[in-house]
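Below: run.txt (compact mmCIF, C-alpha atoms)
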# COMPACT_ATOMS: atom_id res chain seq x y z
CA MET A 1 7.86 7.68 -18.52
CA PRO A 2 9.32 5.92 -21.56
CA GLU A 3 11.31 2.75 -21.06
CA PRO A 4 14.55 2.04 -22.90
CA ALA A 5 13.86 -0.17 -25.87
CA ALA A 6 15.03 -3.76 -25.59
CA PRO A 7 17.01 -5.13 -28.51
CA GLU A 8 14.81 -7.36 -30.60
CA GLY A 9 15.26 -11.03 -29.82
CA GLN A 10 17.04 -10.40 -26.52
CA THR A 11 17.09 -13.54 -24.37
CA ARG A 12 15.88 -13.69 -20.77
CA MET A 13 19.44 -13.95 -19.49
CA GLU A 14 20.43 -10.91 -21.55
CA GLN A 15 17.49 -8.97 -20.08
CA ILE A 16 18.57 -9.94 -16.57
CA GLY A 17 22.09 -8.88 -17.43
CA ALA A 18 20.84 -5.52 -18.71
CA ALA A 19 18.95 -4.89 -15.45
CA VAL A 20 21.96 -5.82 -13.35
CA ALA A 21 24.32 -3.75 -15.49
CA ALA A 22 22.04 -0.73 -15.06
CA ILE A 23 22.27 -0.76 -11.24
CA GLY A 24 23.18 2.72 -10.09
CA SER A 25 21.97 4.39 -13.28
CA ALA A 26 18.71 6.21 -14.01
CA SER A 27 17.67 3.46 -16.41
CA CYS A 28 17.78 0.65 -13.83
CA PRO A 29 14.09 0.72 -12.75
CA ALA A 30 12.92 0.78 -16.37
CA ARG A 31 15.21 -2.15 -17.24
CA LEU A 32 13.80 -4.11 -14.31
CA ALA A 33 10.22 -3.37 -15.37
CA GLN A 34 11.11 -4.35 -18.93
CA LEU A 35 12.43 -7.68 -17.67
CA LEU A 36 9.28 -8.39 -15.64
CA ARG A 37 7.01 -7.49 -18.57
CA ALA A 38 8.92 -9.97 -20.71
CA VAL A 39 8.01 -12.65 -18.15
CA VAL A 40 4.34 -11.62 -17.80
CA PRO A 41 2.63 -8.63 -19.45
CA TYR A 42 0.91 -6.09 -17.19
CA SER A 43 -0.28 -2.48 -17.26
CA TYR A 44 1.67 -0.34 -14.79
CA THR A 45 4.69 -0.44 -12.48
CA VAL A 46 5.28 1.59 -9.35
CA ILE A 47 8.12 1.28 -6.85
CA PHE A 48 7.48 2.78 -3.42
CA GLY A 49 9.89 3.10 -0.54
CA TYR A 50 8.40 2.80 2.96
CA CYS A 51 9.79 3.57 6.40
CA GLY A 52 7.41 3.56 9.35
CA SER A 53 4.51 5.96 8.94
CA ALA A 54 6.54 8.41 6.83
CA ARG A 55 4.94 9.43 3.57
CA PRO A 56 5.98 6.81 0.96
CA LEU A 57 8.64 7.73 -1.57
CA ASP A 58 7.70 7.24 -5.21
CA LEU A 59 11.03 5.84 -6.36
CA TRP A 60 9.88 5.15 -9.92
CA ASP A 61 6.69 4.58 -11.89
CA ASP A 62 5.52 4.31 -15.48
CA PHE A 63 2.01 5.75 -15.08
CA PRO A 64 0.71 7.99 -17.85
CA PRO A 65 0.19 11.59 -16.63
CA GLU A 66 -3.59 11.21 -16.37
CA LYS A 67 -3.21 8.22 -14.00
CA ARG A 68 -0.44 9.49 -11.79
CA LYS A 69 -2.61 11.73 -9.59
CA VAL A 70 -4.69 8.81 -8.32
CA PHE A 71 -1.88 6.27 -8.08
CA VAL A 72 0.77 8.51 -6.53
CA THR A 73 -0.30 12.03 -5.47
CA ASP A 74 -3.62 11.06 -3.87
CA TYR A 75 -2.12 7.90 -2.38
CA GLN A 76 0.74 9.78 -0.68
CA ALA A 77 -1.74 12.27 0.82
CA GLY A 78 -2.94 9.69 3.36
CA PRO A 79 -4.71 6.62 1.94
CA TYR A 80 -1.41 4.72 2.03
CA LEU A 81 -1.95 4.23 5.78
CA LEU A 82 -4.85 1.89 4.93
CA ASP A 83 -3.10 0.08 2.06
CA PRO A 84 -2.64 -3.66 2.79
CA PHE A 85 0.76 -3.55 1.06
CA TYR A 86 1.91 -0.65 3.23
CA LEU A 87 0.59 -2.30 6.38
CA ALA A 88 2.38 -5.56 5.53
CA ALA A 89 5.60 -3.74 4.60
CA THR A 90 5.66 -1.94 7.95
CA SER A 91 4.80 -5.09 9.90
CA ALA A 92 7.92 -7.10 9.05
CA ALA A 93 6.43 -9.07 6.14
CA GLN A 94 8.89 -11.51 4.69
CA PRO A 95 10.47 -10.67 1.31
CA GLY A 96 8.52 -12.28 -1.52
CA LEU A 97 5.76 -11.85 -4.06
CA TYR A 98 2.24 -11.16 -2.76
CA ARG A 99 -1.24 -10.66 -4.14
CA LEU A 100 -3.04 -7.67 -2.65
CA ARG A 101 -6.05 -9.83 -1.87
CA GLU A 102 -3.87 -12.24 0.12
CA LEU A 103 -2.98 -9.48 2.57
CA ALA A 104 -6.30 -7.62 2.61
CA PRO A 105 -8.77 -7.80 5.56
CA ASP A 106 -11.97 -9.84 5.26
CA ARG A 107 -14.15 -6.89 4.19
CA PHE A 108 -11.51 -5.02 2.20
CA TYR A 109 -13.58 -4.85 -1.00
CA GLN A 110 -16.59 -3.53 0.92
CA GLY A 111 -14.51 -1.15 3.04
CA GLU A 112 -14.24 2.56 2.57
CA TYR A 113 -10.56 2.56 1.56
CA PHE A 114 -11.51 0.43 -1.42
CA ARG A 115 -14.73 2.28 -2.25
CA SER A 116 -13.44 5.82 -1.71
CA TYR A 117 -9.90 5.43 -3.00
CA TYR A 118 -8.79 2.11 -4.49
CA ALA A 119 -11.79 1.65 -6.81
CA GLN A 120 -10.71 4.85 -8.60
CA THR A 121 -7.61 3.07 -9.87
CA GLY A 122 -9.72 0.79 -12.06
CA LEU A 123 -7.35 -2.12 -11.49
CA ALA A 124 -8.28 -5.74 -11.98
CA GLU A 125 -5.43 -6.85 -9.72
CA GLU A 126 -2.22 -5.68 -8.07
CA ILE A 127 0.67 -7.85 -6.95
CA ALA A 128 3.99 -6.80 -5.44
CA PHE A 129 7.54 -7.85 -4.66
CA PHE A 130 8.68 -6.94 -1.12
CA SER A 131 12.37 -6.23 -0.46
CA ASP A 132 13.59 -5.45 3.06
CA LEU A 133 16.61 -3.15 2.95
CA GLY A 134 17.11 -3.08 6.70
CA ALA A 135 16.92 -0.24 9.23
CA GLY A 136 13.14 -0.11 8.78
CA ALA A 137 13.23 0.60 5.03
CA VAL A 138 11.16 -1.61 2.73
CA ILE A 139 10.76 -1.34 -1.03
CA VAL A 140 7.56 -2.58 -2.64
CA LEU A 141 7.58 -3.06 -6.41
CA SER A 142 3.96 -3.26 -7.57
CA LEU A 143 2.79 -4.77 -10.85
CA MET A 144 -0.72 -3.68 -11.81
CA ARG A 145 -3.21 -5.01 -14.32
CA ALA A 146 -6.16 -3.03 -15.60
CA ASP A 147 -7.73 -5.78 -17.73
CA LYS A 148 -7.68 -9.12 -15.87
CA PRO A 149 -6.18 -10.76 -12.76
CA PHE A 150 -2.88 -12.62 -12.89
CA THR A 151 -3.20 -16.38 -13.30
CA ASN A 152 -1.50 -18.82 -10.94
CA ARG A 153 0.81 -19.81 -13.77
CA GLU A 154 1.81 -16.18 -14.30
CA LEU A 155 2.43 -15.73 -10.58
CA ARG A 156 4.70 -18.77 -10.56
CA ALA A 157 6.64 -17.35 -13.49
CA LEU A 158 7.07 -14.01 -11.74
CA ALA A 159 7.97 -15.72 -8.46
CA GLY A 160 10.91 -17.19 -10.33
CA MET A 161 12.25 -13.64 -10.62
CA ARG A 162 12.27 -12.95 -6.87
CA ALA A 163 16.01 -13.43 -6.44
CA VAL A 164 16.76 -11.11 -9.36
CA VAL A 165 14.32 -8.45 -8.13
CA ASN A 166 15.72 -8.54 -4.60
CA ALA A 167 19.30 -8.34 -5.85
CA VAL A 168 18.66 -5.42 -8.22
CA VAL A 169 16.42 -3.50 -5.81
CA GLY A 170 18.74 -4.13 -2.87
CA GLN A 171 21.78 -2.82 -4.70
CA HIS A 172 20.18 0.06 -6.62
CA TRP A 173 18.43 1.49 -3.54
CA ARG A 174 20.83 0.27 -0.86
CA ASP A 175 21.02 3.76 0.67
CA ILE A 176 17.28 4.45 0.57
CA GLY A 177 17.12 4.73 4.36
CA LYS A 178 19.00 8.03 4.15
CA ALA A 179 16.21 9.53 2.04
CA PHE A 180 13.82 9.42 4.99
CA HIS A 181 13.89 11.91 7.83
CA PRO A 182 16.61 11.00 10.34
CA ALA A 183 14.01 11.00 13.11
CA GLN A 184 12.11 8.09 11.54
CA PRO A 185 11.50 5.24 13.99
CA ARG A 186 13.95 2.39 14.28
CA GLN A 187 12.75 -0.97 13.03
CA GLY A 188 11.51 -2.11 16.44
CA GLU A 189 9.41 1.04 16.83
CA ARG A 190 7.60 0.95 13.49
CA GLY A 191 4.42 -0.66 14.79
CA ARG A 192 4.02 1.84 17.62
CA ASP A 193 4.59 4.78 15.26
CA ILE A 194 1.93 3.54 12.84
CA GLU A 195 -0.54 3.08 15.68
CA LYS A 196 -0.09 6.72 16.68
CA SER A 197 -1.33 7.80 13.25
CA PHE A 198 -4.66 6.15 14.01
CA HIS A 199 -4.84 6.78 17.74
CA SER A 200 -4.50 10.54 17.28
CA PHE A 201 -7.60 10.55 15.08
CA GLY A 202 -10.55 12.08 16.93
CA ALA A 203 -8.41 12.99 19.95
CA GLY A 204 -10.56 14.65 22.59
CA LEU A 205 -13.75 13.21 21.09
CA LEU A 206 -13.28 9.45 20.87
CA THR A 207 -12.28 6.96 23.54
CA PRO A 208 -9.21 4.73 22.99
CA ARG A 209 -11.50 1.77 22.24
CA GLU A 210 -13.51 3.82 19.73
CA ARG A 211 -10.30 4.83 17.97
CA GLU A 212 -9.37 1.14 17.72
CA VAL A 213 -12.75 0.45 16.12
CA VAL A 214 -12.17 3.33 13.67
CA GLU A 215 -8.76 1.95 12.73
CA PHE A 216 -9.95 -1.58 12.00
CA THR A 217 -13.09 -0.34 10.27
CA LEU A 218 -11.12 1.90 7.93
CA LYS A 219 -8.70 -0.93 7.17
CA GLY A 220 -11.63 -3.06 5.98
CA HIS A 221 -12.31 -5.48 8.82
CA SER A 222 -15.86 -6.69 9.49
CA ALA A 223 -17.61 -6.25 12.84
CA GLU A 224 -17.05 -9.96 13.46
CA ALA A 225 -13.31 -9.70 12.77
CA ILE A 226 -12.97 -6.55 14.88
CA GLY A 227 -14.79 -8.25 17.73
CA ARG A 228 -12.36 -11.19 17.63
CA MET A 229 -9.33 -8.89 17.61
CA LEU A 230 -10.60 -6.72 20.48
CA GLY A 231 -12.24 -9.49 22.50
CA ILE A 232 -15.74 -8.02 22.28
CA SER A 233 -18.94 -9.07 20.56
CA PRO A 234 -19.86 -7.93 17.01
CA GLY A 235 -22.88 -6.21 18.55
CA THR A 236 -20.63 -4.16 20.81
CA VAL A 237 -18.53 -3.20 17.79
CA ARG A 238 -21.66 -1.91 16.06
CA ILE A 239 -22.62 0.08 19.17
CA HIS A 240 -19.15 1.65 19.16
CA ARG A 241 -19.61 2.56 15.50
CA ARG A 242 -22.93 4.28 16.21
CA ASN A 243 -21.34 6.21 19.05
CA ILE A 244 -18.39 7.20 16.83
CA TYR A 245 -20.72 8.49 14.12
CA GLY A 246 -22.67 10.47 16.70
CA LYS A 247 -19.59 12.06 18.26
CA LEU A 248 -18.11 12.97 14.86
CA ARG A 249 -21.51 14.07 13.52
CA ILE A 250 -21.30 11.82 10.49
CA SER A 251 -23.59 9.15 9.08
CA SER A 252 -21.47 6.88 6.88
CA GLN A 253 -18.12 5.15 6.48
CA GLY A 254 -17.50 7.43 3.52
CA GLU A 255 -17.60 10.45 5.80
CA LEU A 256 -15.41 8.64 8.34
CA PHE A 257 -12.81 7.99 5.63
CA SER A 258 -12.95 11.63 4.49
CA ARG A 259 -12.48 12.90 8.04
CA PHE A 260 -9.49 10.61 8.54
CA ILE A 261 -7.80 11.80 5.32
CA ALA A 262 -8.59 15.44 6.17
CA THR A 263 -6.86 14.99 9.52
CA LEU A 264 -3.74 13.62 7.83
CA GLU A 265 -3.68 16.55 5.45
CA GLY A 266 -3.87 19.04 8.30
CA LEU A 267 -7.34 20.23 7.31
CA PRO A 268 -10.19 20.95 9.77
CA ALA A 269 -11.73 17.55 10.44
CA PHE A 270 -14.19 18.07 13.25
CA ASP A 271 -16.93 20.56 13.99
CA ALA A 272 -16.30 21.52 17.59
CA THR A 273 -19.24 23.91 17.80
As structure tokens, please, write out the structure in this file.
Amino acid sequence: MPEPAAPEGQTRMEQIGAAVAAIGSASCPARLAQLLRAVVPYSYTVIFGYCGSARPLDLWDDFPPEKRKVFVTDYQAGPYLLDPFYLAATSAAQPGLYRLRELAPDRFYQGEYFRSYYAQTGLAEEIAFFSDLGAGAVIVLSLMRADKPFTNRELRALAGMRAVVNAVVGQHWRDIGKAFHPAQPRQGERGRDIEKSFHSFGAGLLTPREREVVEFTLKGHSAEAIGRMLGISPGTVRIHRRNIYGKLRISSQGELFSRFIATLEGLPAFDAT
């Protein structure tokens, strides 16, 4: 969507003032994105609202129409549950600016979430501001680059905008919690609610331990990392994976990912014959 044009020669303080003055108006997100682009150029902006395992709200984005399906529609259909930003946002991450790769598991770039979904975005890097609005609601403002990663110098420059971002986001979306279903979990229940999304996968076919292995595998953890988290050997993790594939009648992580997404979408996921 088009952004309001900034007056030529506008100073940084004037741009901050314009973003603050726009709080409560439809132009506020675009003014904020305009301010951040003046600090460091980047390709796309998206602002998601999260609350527990509820489907994320696309509060604002500036994707061209041909990109929006992958970045928003497909993402909201289920892959968000494996997104390191979503997982951090629903695990009480502190407000701040984060690189995706800082929060990602050890095998994220070899995992199926990355290969089956995230690689389609064609991004070189994604970073995000986290703002906690209380009552379980978190807003994540992502800045995406299609050409090259952000440099440390650019990250420091953007980090200098954290107070402004938090103030604008916190005021503009201060009532965002009301946009989610009233039955959404309270803040202390978020972790348990998210776990249920994974633990219901393969119900009646997989054991609780096998579902744990599925969860960590889909999130991008290696057999070694899963073994450490579950207190078992990497070899045992691999045995669990073979058993999971056999029970689900699949032969790859790609099929495992597809079955998981199909379950979230309410489609038939298992052949019970």
Per-residue nearest contacts of range 3-71 of chain A to range 129-144 of chain A (8 Å; only C-alpha atoms) as a Markdown table:
| residue | atom | partner | partner_atom | distance |
| --- | --- | --- | --- | --- |
| A:Tyr42 | CA | A:Met144 | CA | 6.1 |
| A:Ser43 | CA | A:Met144 | CA | 5.6 |
| A:Tyr44 | CA | A:Met144 | CA | 5.1 |
| A:Thr45 | CA | A:Leu143 | CA | 5.0 |
| A:Val46 | CA | A:Ser142 | CA | 5.3 |
| A:Ile47 | CA | A:Leu141 | CA | 4.4 |
| A:Phe48 | CA | A:Val140 | CA | 5.4 |
| A:Gly49 | CA | A:Ile139 | CA | 4.6 |
| A:Tyr50 | CA | A:Val138 | CA | 5.2 |
| A:Cys51 | CA | A:Ala137 | CA | 4.7 |
| A:Gly52 | CA | A:Gly136 | CA | 6.8 |
* Find the spatial neighbours of range 9-23 of chain A, counting all atoms listed in the file, within a cut-off of 6 Å - ignore same-chain residues fewer than 5 positions away - and output them as a list in words. => Cys28, Arg31, Leu32, Leu35 and His172 of chain A
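For the residues A:Arg37, A:Lys69, A:Arg101, A:Lys219, ranking by smallest atom-to-atom distance to Leu256 in chain A using all atoms listed in the file places A:Lys219 first.
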* What's the 7 Å shell around Val237 in chain A, counting all atoms listed in the file, without same-chain residues fewer than 3 positions away, as a ChimeraX atom specification? -> /A:223,227,233-234,240-241
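Here the question is which of A:Gly24, A:Phe63, A:Ala77, A:Val70 gets nearest to Ala262 in chain A using all atoms listed in the file, and that residue is A:Ala77.
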* Could you check how far CA of Ala167 in chain A sits from CA of Ala128 in chain A, in Å to one decimal? =>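 Distance between the two atoms: 15.4 Å.
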Sorted by chain and rising residue number, which residues of range 52-116 of chain A lie within 12 Å of range 203-217 of chain A, and what are their closest atom pairs and distances in Å to one decimal, counting all atoms listed in the file, as a tab-separated table?
residue	atom	partner	partner_atom	distance
A:Leu81	CA	A:Glu215	CA	10.0
A:Leu82	CA	A:Glu215	CA	8.7
A:Pro84	CA	A:Phe216	CA	11.9
A:Leu87	CA	A:Phe216	CA	12.0
A:Ala104	CA	A:Phe216	CA	11.7
A:Pro105	CA	A:Phe216	CA	9.0
A:Asp106	CA	A:Thr217	CA	10.8
A:Arg107	CA	A:Thr217	CA	9.0
A:Phe108	CA	A:Thr217	CA	9.5
A:Gln110	CA	A:Thr217	CA	10.5
A:Gly111	CA	A:Thr217	CA	7.4
A:Glu112	CA	A:Thr217	CA	8.3
A:Tyr113	CA	A:Thr217	CA	9.5
A:Phe114	CA	A:Thr217	CA	11.8
* To do: Would you please work out which residue, of A:Asp147, A:Gly78, A:Val164, A:Glu224, is nearest to Ala33 in chain A when using all atoms listed in the file?
  =>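 Closest residue, counting all atoms listed in the file: A:Val164.
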Box along x, y and z, 8 Å on every side, all listed atoms of range 155-170 of chain A inside: centre and edge lengths in Å to one decimal, as lines of an AutoDock Vina configuration file.
center_x = 10.9
center_y = -11.1
center_z = -8.2
size_x = 32.9
size_y = 31.3
size_z = 26.6
* Structure fact -> Residue with the minimum atom-to-atom distance to Gln253 in chain A, picked from A:Arg228, A:Lys148, A:Arg156, A:Arg115 with only C-alpha atoms counted, is A:Arg115
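Coordinates place CA of Val168 in chain A at a distance of 8.9 Å from CA of Pro29 in chain A.
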* So what do you get for CA of Glu125 in chain A versus CA of Ser222 in chain A, distance-wise? ->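 We find that CA of Glu125 in chain A and CA of Ser222 in chain A lie 21.9 Å from each other.
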* Selected residue of minimal separation from Phe198 in chain A among A:Lys178, A:Lys247, A:Arg238, A:Arg259, counting all atoms listed in the file ->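 Of A:Lys178, A:Lys247, A:Arg238, A:Arg259, the one nearest Phe198 in chain A, counting all atoms listed in the file, is A:Arg259.
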* Considering all atoms listed in the file, state which residue in the set A:Ala30, A:Leu103, A:Ile232, A:Val40 is at the smallest distance from Asn152 in chain A. => A:Val40
Rebuild all heavy atoms on range 95-106 of chain A, as an mmCIF file, keeping the file's coordinate frame?
data_model
loop_
_atom_site.group_PDB
_atom_site.id
_atom_site.type_symbol
_atom_site.label_atom_id
_atom_site.label_comp_id
_atom_site.auth_asym_id
_atom_site.auth_seq_id
_atom_site.Cartn_x
_atom_site.Cartn_y
_atom_site.Cartn_z
ATOM 1 N N PRO A 95 10.283 -10.953 2.729
ATOM 2 C CA PRO A 95 10.470 -10.670 1.310
ATOM 3 C C PRO A 95 9.796 -11.737 0.460
ATOM 4 O O PRO A 95 9.780 -12.916 0.812
ATOM 5 C CB PRO A 95 11.999 -10.718 1.137
ATOM 6 C CG PRO A 95 12.533 -10.394 2.495
ATOM 7 C CD PRO A 95 11.562 -11.019 3.459
ATOM 8 N N GLY A 96 9.209 -11.322 -0.647
ATOM 9 C CA GLY A 96 8.520 -12.280 -1.520
ATOM 10 C C GLY A 96 7.567 -11.569 -2.441
ATOM 11 O O GLY A 96 7.557 -10.340 -2.548
ATOM 12 N N LEU A 97 6.757 -12.358 -3.125
ATOM 13 C CA LEU A 97 5.760 -11.850 -4.060
ATOM 14 C C LEU A 97 4.380 -12.107 -3.466
ATOM 15 O O LEU A 97 4.055 -13.241 -3.095
ATOM 16 C CB LEU A 97 5.893 -12.548 -5.416
ATOM 17 C CG LEU A 97 4.868 -12.175 -6.492
ATOM 18 C CD1 LEU A 97 5.004 -10.714 -6.897
ATOM 19 C CD2 LEU A 97 5.042 -13.075 -7.717
ATOM 20 N N TYR A 98 3.557 -11.055 -3.394
ATOM 21 C CA TYR A 98 2.240 -11.160 -2.760
ATOM 22 C C TYR A 98 1.140 -10.607 -3.657
ATOM 23 O O TYR A 98 1.341 -9.616 -4.360
ATOM 24 C CB TYR A 98 2.216 -10.354 -1.444
ATOM 25 C CG TYR A 98 3.152 -10.850 -0.376
ATOM 26 C CD1 TYR A 98 4.460 -10.364 -0.297
ATOM 27 C CD2 TYR A 98 2.741 -11.779 0.575
ATOM 28 C CE1 TYR A 98 5.328 -10.797 0.695
ATOM 29 C CE2 TYR A 98 3.597 -12.216 1.572
ATOM 30 C CZ TYR A 98 4.892 -11.722 1.622
ATOM 31 O OH TYR A 98 5.756 -12.156 2.600
ATOM 32 N N ARG A 99 -0.023 -11.238 -3.578
ATOM 33 C CA ARG A 99 -1.240 -10.660 -4.140
ATOM 34 C C ARG A 99 -1.814 -9.688 -3.106
ATOM 35 O O ARG A 99 -1.782 -9.967 -1.908
ATOM 36 C CB ARG A 99 -2.293 -11.731 -4.404
ATOM 37 C CG ARG A 99 -2.044 -12.684 -5.549
ATOM 38 C CD ARG A 99 -3.252 -13.595 -5.672
ATOM 39 N NE ARG A 99 -3.091 -14.685 -6.608
ATOM 40 C CZ ARG A 99 -3.495 -14.652 -7.876
ATOM 41 N NH1 ARG A 99 -4.082 -13.571 -8.343
ATOM 42 N NH2 ARG A 99 -3.321 -15.703 -8.656
ATOM 43 N N LEU A 100 -2.390 -8.596 -3.573
ATOM 44 C CA LEU A 100 -3.040 -7.670 -2.650
ATOM 45 C C LEU A 100 -4.123 -8.377 -1.869
ATOM 46 O O LEU A 100 -4.255 -8.203 -0.647
ATOM 47 C CB LEU A 100 -3.622 -6.481 -3.410
ATOM 48 C CG LEU A 100 -4.329 -5.425 -2.552
ATOM 49 C CD1 LEU A 100 -3.315 -4.693 -1.684
ATOM 50 C CD2 LEU A 100 -5.085 -4.430 -3.418
ATOM 51 N N ARG A 101 -4.921 -9.188 -2.545
ATOM 52 C CA ARG A 101 -6.050 -9.830 -1.870
ATOM 53 C C ARG A 101 -5.613 -10.845 -0.826
ATOM 54 O O ARG A 101 -6.398 -11.204 0.053
ATOM 55 C CB ARG A 101 -6.990 -10.464 -2.896
ATOM 56 C CG ARG A 101 -6.436 -11.611 -3.700
ATOM 57 C CD ARG A 101 -7.561 -12.193 -4.552
ATOM 58 N NE ARG A 101 -7.177 -13.341 -5.348
ATOM 59 C CZ ARG A 101 -7.011 -13.320 -6.661
ATOM 60 N NH1 ARG A 101 -7.190 -12.192 -7.330
ATOM 61 N NH2 ARG A 101 -6.682 -14.412 -7.322
ATOM 62 N N GLU A 102 -4.369 -11.332 -0.904
ATOM 63 C CA GLU A 102 -3.870 -12.240 0.120
ATOM 64 C C GLU A 102 -3.632 -11.526 1.441
ATOM 65 O O GLU A 102 -3.727 -12.132 2.515
ATOM 66 C CB GLU A 102 -2.556 -12.881 -0.332
ATOM 67 C CG GLU A 102 -2.678 -13.856 -1.480
ATOM 68 C CD GLU A 102 -1.325 -14.328 -1.977
ATOM 69 O OE1 GLU A 102 -0.305 -13.686 -1.680
ATOM 70 O OE2 GLU A 102 -1.296 -15.358 -2.671
ATOM 71 N N LEU A 103 -3.311 -10.250 1.377
ATOM 72 C CA LEU A 103 -2.980 -9.480 2.570
ATOM 73 C C LEU A 103 -4.134 -8.639 3.086
ATOM 74 O O LEU A 103 -4.061 -8.099 4.187
ATOM 75 C CB LEU A 103 -1.787 -8.555 2.263
ATOM 76 C CG LEU A 103 -0.512 -9.241 1.775
ATOM 77 C CD1 LEU A 103 0.539 -8.190 1.415
ATOM 78 C CD2 LEU A 103 0.036 -10.205 2.822
ATOM 79 N N ALA A 104 -5.189 -8.512 2.278
ATOM 80 C CA ALA A 104 -6.300 -7.620 2.610
ATOM 81 C C ALA A 104 -7.187 -8.203 3.722
ATOM 82 O O ALA A 104 -7.323 -9.420 3.847
ATOM 83 C CB ALA A 104 -7.138 -7.350 1.368
ATOM 84 N N PRO A 105 -7.814 -7.341 4.538
ATOM 85 C CA PRO A 105 -8.770 -7.800 5.560
ATOM 86 C C PRO A 105 -9.996 -8.445 4.930
ATOM 87 O O PRO A 105 -10.212 -8.368 3.717
ATOM 88 C CB PRO A 105 -9.152 -6.498 6.290
ATOM 89 C CG PRO A 105 -8.073 -5.534 5.962
ATOM 90 C CD PRO A 105 -7.607 -5.892 4.583
ATOM 91 N N ASP A 106 -10.841 -9.041 5.781
ATOM 92 C CA ASP A 106 -11.970 -9.840 5.260
ATOM 93 C C ASP A 106 -13.011 -9.009 4.533
ATOM 94 O O ASP A 106 -13.702 -9.520 3.655
ATOM 95 C CB ASP A 106 -12.626 -10.636 6.402
ATOM 96 C CG ASP A 106 -13.199 -9.757 7.509
ATOM 97 O OD1 ASP A 106 -12.743 -8.603 7.665
ATOM 98 O OD2 ASP A 106 -14.096 -10.228 8.229
#
